[in-house]
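K.L.:
Hey, dropping query-v1.txt in here, compact mmCIF, C-alpha atoms:
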# COMPACT_ATOMS: atom_id res chain seq x y z
CA MET A 1369 73.88 111.10 100.50
CA GLN A 1370 72.97 108.56 103.15
CA LEU A 1371 75.18 110.32 105.66
CA LEU A 1372 73.34 113.58 104.92
CA PHE A 1373 70.01 111.90 105.65
CA ILE A 1374 71.40 110.32 108.82
CA GLY A 1375 72.66 113.71 109.99
CA SER A 1376 69.34 115.38 109.17
CA ILE A 1377 67.37 112.80 111.12
CA LEU A 1378 69.68 113.05 114.12
CA LEU A 1379 69.55 116.85 114.03
CA GLY A 1380 65.76 116.78 113.83
CA MET A 1381 65.60 114.46 116.83
CA THR A 1382 67.49 116.94 119.02
CA THR A 1383 64.45 119.20 119.34
CA PRO A 1384 63.46 119.35 123.02
CA PRO A 1385 60.28 117.32 123.81
CA ASP A 1386 58.36 120.39 125.01
CA GLU A 1387 58.85 122.02 121.56
CA GLN A 1388 57.64 118.97 119.63
CA SER A 1389 54.12 118.71 118.28
CA ALA A 1390 52.05 115.57 118.72
CA SER A 1391 52.75 114.56 115.10
CA ASP A 1392 56.51 115.04 115.68
CA ARG A 1393 56.39 112.75 118.70
CA ALA A 1394 54.37 110.19 116.72
CA LEU A 1395 57.08 110.10 114.02
CA ILE A 1396 59.95 109.37 116.42
CA PRO A 1397 59.65 105.55 116.15
CA ALA A 1398 59.56 105.78 112.34
CA ALA A 1399 62.59 108.07 112.41
CA TRP A 1400 64.53 105.50 114.45
CA ILE A 1401 63.59 102.76 111.97
CA VAL A 1402 64.65 104.88 108.98
CA LEU A 1403 67.84 105.87 110.79
CA GLY A 1404 68.68 102.22 111.50
CA GLY A 1405 68.03 101.27 107.87
CA LEU A 1406 70.25 104.07 106.59
CA VAL A 1407 73.05 103.08 108.97
CA LEU A 1408 72.80 99.45 107.78
CA LEU A 1409 72.88 100.53 104.11
CA SER A 1410 75.88 102.78 104.83
CA ILE A 1411 77.72 99.81 106.31
CA ARG A 1412 76.71 97.61 103.34
CA THR A 1413 78.37 100.05 100.92
CA LEU A 1414 81.71 98.90 102.31
CA PHE A 1415 81.08 95.39 100.95
CA ILE A 1416 79.46 96.05 97.55
CA GLY A 1417 81.54 94.72 94.68
CA ILE A 1418 82.94 91.68 92.92
CA TYR A 1419 84.89 89.09 94.87
CA LEU A 1420 86.81 86.07 93.58
CA ALA A 1421 86.49 82.74 95.34
CA PRO A 1422 87.57 79.20 94.47
CA GLY A 1423 85.17 77.99 91.78
CA ALA A 1424 82.95 81.07 91.89
CA VAL A 1425 82.63 84.81 91.49
CA VAL A 1426 80.65 86.57 94.21
CA VAL A 1427 78.76 89.77 93.37
CA ARG A 1428 77.53 91.74 96.38
CA SER A 1429 74.91 94.38 95.67
CA TRP A 1430 72.86 96.58 97.97
CA LEU A 1431 70.37 93.98 99.05
CA ARG A 1432 71.58 90.63 97.68
CA THR A 1433 74.69 88.56 97.23
CA TYR A 1434 74.99 86.44 94.10
CA ARG A 1435 77.34 83.47 93.85
CA ILE A 1436 78.17 82.64 90.22
CA PRO A 1437 79.66 79.16 89.87
CA LEU A 1438 82.48 79.03 87.32
CA THR A 1439 82.18 76.35 84.67
CA GLU A 1440 84.12 75.94 81.45
CA ASP A 1441 81.44 77.86 79.54
CA THR A 1442 81.10 80.79 81.98
CA ARG A 1443 81.91 84.03 80.18
CA PHE A 1444 81.55 87.59 81.33
CA GLY A 1445 80.61 90.52 79.12
CA LEU A 1446 79.51 94.12 79.41
CA GLU A 1447 76.18 95.87 79.10
CA ALA A 1448 75.29 99.53 79.26
CA TRP A 1449 74.47 100.34 82.88
CA SER A 1450 70.81 100.71 83.70
CA ASP A 1451 68.81 100.35 86.87
CA TRP A 1452 65.07 100.07 87.40
CA LEU A 1453 65.12 102.69 90.18
CA LEU A 1454 67.63 105.35 89.12
CA SER A 1455 67.50 105.20 85.32
CA LYS A 1456 64.07 103.59 84.84
CA GLY A 1457 65.70 100.83 82.78
CA GLN A 1458 67.35 103.19 80.28
CA PRO A 1459 71.11 102.89 79.54
CA VAL A 1460 73.18 105.65 81.16
CA GLY A 1461 76.09 107.46 79.48
CA ASN A 1462 79.48 105.81 79.44
CA SER A 1463 78.76 103.47 82.34
CA GLN A 1464 78.94 99.71 81.91
CA MET A 1465 78.09 96.78 84.15
CA ILE A 1466 79.29 93.19 84.27
CA ALA A 1467 77.00 90.61 82.71
CA ILE A 1468 77.09 86.83 82.41
CA MET A 1469 76.83 85.83 78.77
CA GLY A 1470 75.43 82.58 77.44
CA THR A 1471 72.25 80.59 77.73
CA SER A 1472 70.92 82.45 80.77
CA PRO A 1473 72.31 86.01 80.56
CA ARG A 1474 72.18 88.19 83.65
CA SER A 1475 73.56 91.61 84.46
CA PHE A 1476 74.51 93.16 87.79
CA PRO A 1477 73.78 96.91 88.18
CA ALA A 1478 75.84 97.07 91.39
CA THR A 1479 78.95 96.54 89.22
CA GLY A 1480 78.36 99.71 87.19
CA VAL A 1481 81.54 101.69 86.50
CA ARG A 1482 82.98 103.73 83.63
CA ARG A 1483 83.61 101.72 80.46
CA SER A 1484 87.42 101.60 80.69
CA ARG A 1485 87.25 100.15 84.20
CA ALA A 1486 84.51 97.69 83.22
CA VAL A 1487 86.64 96.36 80.34
CA VAL A 1488 89.46 95.64 82.80
CA GLN A 1489 87.06 93.89 85.19
CA ARG A 1490 85.54 91.80 82.41
CA ASP A 1491 88.95 90.69 81.15
CA LEU A 1492 90.09 89.82 84.66
CA LEU A 1493 86.93 87.80 85.35
CA ASN A 1494 87.20 85.90 82.05
CA ALA A 1495 90.87 85.09 82.72
CA PHE A 1496 90.02 83.99 86.26
CA ALA A 1497 87.14 81.84 84.99
CA GLY A 1498 89.61 79.97 82.77
CA LEU A 1499 91.96 79.03 85.62
CA GLU A 1500 92.09 75.47 86.92
CA ASP A 1501 92.64 74.38 90.54
CA VAL A 1502 91.87 77.76 92.07
CA THR A 1503 92.57 78.02 95.79
CA GLU A 1504 91.77 80.78 98.26
CA GLU A 1505 95.33 82.14 97.81
CA THR A 1506 95.06 82.10 94.02
CA ALA A 1507 91.78 83.99 94.17
CA ARG A 1508 93.28 86.57 96.53
CA ASP A 1509 96.31 86.94 94.25
CA TRP A 1510 94.07 87.52 91.23
CA ALA A 1511 91.98 90.04 93.11
CA ARG A 1512 94.78 92.07 94.64
CA GLY A 1513 98.15 90.93 93.38
CA ALA A 1514 100.40 90.74 90.39
CA SER A 1515 97.95 88.78 88.24
CA TRP A 1516 95.41 91.58 88.48
CA ARG A 1517 97.98 94.18 87.45
CA ILE A 1518 99.16 92.07 84.50
CA GLN A 1519 95.59 91.53 83.29
CA ARG A 1520 94.77 95.23 83.75
CA ASP A 1521 97.83 96.24 81.69
CA ARG A 1522 96.93 93.77 78.92
CA SER A 1523 93.41 95.13 78.86
CA LYS A 1524 94.68 98.72 78.63
CA LEU A 1525 96.91 97.74 75.69
CA ARG A 1526 93.95 96.13 73.91
CA GLN A 1527 91.84 99.22 74.59
CA ALA A 1528 94.58 101.51 73.23
CA GLU A 1529 94.79 99.33 70.11
CA ARG A 1530 91.00 99.53 69.60
CA GLN A 1531 91.10 103.30 69.97
CA ARG A 1532 94.01 103.52 67.53
CA ARG A 1533 92.01 101.53 64.96
CA GLY A 1534 88.92 103.61 65.65
CA GLY A 1535 86.76 100.65 66.70
CA ARG A 1536 85.36 101.88 69.98
CA HIS A 1537 83.37 98.79 70.95
CA SER A 1538 85.13 95.94 69.20
CA ASP A 1539 87.41 93.37 70.71
CA PRO A 1540 90.72 92.12 69.20
CA SER A 1541 88.89 89.37 67.28
CA GLY A 1542 86.85 92.02 65.49
CA ALA A 1543 83.51 90.97 66.98
CA PRO A 1544 81.58 93.81 68.63
CA SER A 1545 81.27 93.54 72.39
CA ARG A 1546 78.07 94.23 74.29
What do you get writing this file as structure tokens?

P.N.:
Amino acid sequence: MQLLFIGSILLGMTTPPDEQSASDRALIPAAWIVLGGLVLLSIRTLFIGIYLAPGAVVVRSWLRTYRIPLTEDTRFGLEAWSDWLLSKGQPVGNSQMIAIMGTSPRSFPATGVRRSRAVVQRDLLNAFAGLEDVTEETARDWARGASWRIQRDRSKLRQAERQRRGGRHSDPSGAPSR
């Protein structure tokens, strides 16, 4: 969508100066500012997501980057995706987002994905949070390597078992997940 707006602005700016009205010419500086902002947001989309780092999980959203320090009581859960701008705070369909559970819960709308993918992410983050002596290489391995695939496969098996039992939102311990 951003690329469509960028293209529209650039196309509109190709009008020859002698065919522009005074109000069109007055809007040219604003158009450049909007164009620059859209280009910056388009570039930022390449970096939105969840990143693993030694002793922390980094969540990059549109405008902010959150660094979540991992302690022994850090646990990740799921919440129905909602956003103050797009959904006016109402949960949306089958989309889930990562949330930190515990004494100061917090959710991250930029992590919103379909439920099956969110379950895999949550399980991976909880397993990563339980690791000791995490290095940069360990974090990279968990994010991209064999550990991620193993955790994803375990999560898919647990999900298949829940579906077989008919408990759509329960975990293996029988407690409902958020």

K.L.:
Given the choices A:Val1425, A:Leu1493, A:Leu1420, A:Met1381, which gets closest to A:Asp1509 if the distance is worked out from all atoms listed in the file?

P.N.:
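With all atoms listed in the file as the atom set, the closest residue is A:Leu1420.
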
K.L.:
For A:Arg1412, which of A:Leu1438, A:Ala1467, A:Ala1495, A:Ala1478 is the closest residue, counting all atoms listed in the file?

P.N.:
A:Ala1478

K.L.:
Rounded to one decimal in Å, what is the spacing between atom CA of A:Leu1446 and atom CA of A:Gly1534?

P.N.:
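The value is 19.2 Å.
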
K.L.:
Measuring between all atoms listed in the file, which one of A:Ile1518, A:Pro1477, A:Ile1411, A:Arg1483 shows the shortest distance to A:Gly1461?

P.N.:
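So, comparing all the options, the nearest one is A:Arg1483.
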
K.L.:
Please, which residues are within 10 Å of (84.8, 101.7, 80.1) by the file's coordinates, counting only C-alpha atoms, and could they come as a PyMOL selection string?

P.N.:
chain A and resi 1446+1448+1462-1465+1480-1489+1527+1537

K.L.:
Please produce a file of those selected residues containing C-alpha atoms, as a PDB file, keeping the file's coordinate frame.

P.N.:
ATOM      1  CA  LEU A1446      79.510  94.120  79.410  1.00  0.00           C
ATOM      2  CA  ALA A1448      75.290  99.530  79.260  1.00  0.00           C
ATOM      3  CA  ASN A1462      79.480 105.810  79.440  1.00  0.00           C
ATOM      4  CA  SER A1463      78.760 103.470  82.340  1.00  0.00           C
ATOM      5  CA  GLN A1464      78.940  99.710  81.910  1.00  0.00           C
ATOM      6  CA  MET A1465      78.090  96.780  84.150  1.00  0.00           C
ATOM      7  CA  GLY A1480      78.360  99.710  87.190  1.00  0.00           C
ATOM      8  CA  VAL A1481      81.540 101.690  86.500  1.00  0.00           C
ATOM      9  CA  ARG A1482      82.980 103.730  83.630  1.00  0.00           C
ATOM     10  CA  ARG A1483      83.610 101.720  80.460  1.00  0.00           C
ATOM     11  CA  SER A1484      87.420 101.600  80.690  1.00  0.00           C
ATOM     12  CA  ARG A1485      87.250 100.150  84.200  1.00  0.00           C
ATOM     13  CA  ALA A1486      84.510  97.690  83.220  1.00  0.00           C
ATOM     14  CA  VAL A1487      86.640  96.360  80.340  1.00  0.00           C
ATOM     15  CA  VAL A1488      89.460  95.640  82.800  1.00  0.00           C
ATOM     16  CA  GLN A1489      87.060  93.890  85.190  1.00  0.00           C
ATOM     17  CA  GLN A1527      91.840  99.220  74.590  1.00  0.00           C
ATOM     18  CA  HIS A1537      83.370  98.790  70.950  1.00  0.00           C
TER      19      HIS A1537
END

K.L.:
Quick one, how far is atom CA of A:Val1426 from atom CA of A:Leu1453?

P.N.:
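For atom CA of A:Val1426 relative to atom CA of A:Leu1453, the distance reads 22.7 Å.
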
K.L.:
Find, counting all atoms listed in the file, the residue in A:Glu1500, A:Asp1491, A:Glu1505, A:Glu1529 that gets nearest to A:Arg1517.

P.N.:
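Of A:Glu1500, A:Asp1491, A:Glu1505, A:Glu1529, the one nearest A:Arg1517 is A:Asp1491, counting all atoms listed in the file.
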
K.L.:
One decimal, Å: what's the distance from atom CA of A:Arg1443 over to atom CA of A:Met1469, could you say?

P.N.:
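Value for the atom CA of A:Arg1443-atom CA of A:Met1469 distance: 5.6 Å.
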
K.L.:
Would you list the contacts of A:Ser1450 as a PDB file with C-alpha atoms, keeping the file's coordinate frame, taking every protein, DNA or RNA residue within 8 Å and counting all atoms listed in the file, but skipping same-chain residues closer than 3 positions in sequence?

P.N.:
ATOM      1  CA  LEU A1454      67.630 105.350  89.120  1.00  0.00           C
ATOM      2  CA  SER A1455      67.500 105.200  85.320  1.00  0.00           C
ATOM      3  CA  LYS A1456      64.070 103.590  84.840  1.00  0.00           C
ATOM      4  CA  GLY A1457      65.700 100.830  82.780  1.00  0.00           C
ATOM      5  CA  GLN A1458      67.350 103.190  80.280  1.00  0.00           C
ATOM      6  CA  PRO A1459      71.110 102.890  79.540  1.00  0.00           C
ATOM      7  CA  VAL A1460      73.180 105.650  81.160  1.00  0.00           C
ATOM      8  CA  PRO A1477      73.780  96.910  88.180  1.00  0.00           C
TER       9      PRO A1477
END

K.L.:
Which residues are near A:Leu1499? Cut-off 12 Å, all atoms listed in the file, ignore same chain within fewer than 2 positions. Put them as a short mmCIF file (atom, residue, chain, number, x, y, z; two decimals) with C-alpha atoms, keeping the file's coordinate frame.

P.N.:
data_model
loop_
_atom_site.label_atom_id
_atom_site.label_comp_id
_atom_site.auth_asym_id
_atom_site.auth_seq_id
_atom_site.Cartn_x
_atom_site.Cartn_y
_atom_site.Cartn_z
CA LEU A 1420 86.81 86.07 93.58
CA ALA A 1421 86.49 82.74 95.34
CA PRO A 1422 87.57 79.20 94.47
CA GLY A 1423 85.17 77.99 91.78
CA ALA A 1424 82.95 81.07 91.89
CA LEU A 1438 82.48 79.03 87.32
CA THR A 1439 82.18 76.35 84.67
CA GLU A 1440 84.12 75.94 81.45
CA THR A 1442 81.10 80.79 81.98
CA LEU A 1492 90.09 89.82 84.66
CA LEU A 1493 86.93 87.80 85.35
CA ASN A 1494 87.20 85.90 82.05
CA ALA A 1495 90.87 85.09 82.72
CA PHE A 1496 90.02 83.99 86.26
CA ALA A 1497 87.14 81.84 84.99
CA ASP A 1501 92.64 74.38 90.54
CA VAL A 1502 91.87 77.76 92.07
CA THR A 1503 92.57 78.02 95.79
CA THR A 1506 95.06 82.10 94.02
CA ALA A 1507 91.78 83.99 94.17
CA TRP A 1510 94.07 87.52 91.23
CA SER A 1515 97.95 88.78 88.24
#

K.L.:
Quick one: of A:Leu1431, A:Asp1441, A:Leu1395, A:Leu1408, who's nearest to A:Gly1498, counting only C-alpha atoms?

P.N.:
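Smallest separation from A:Gly1498 among the options: A:Asp1441.
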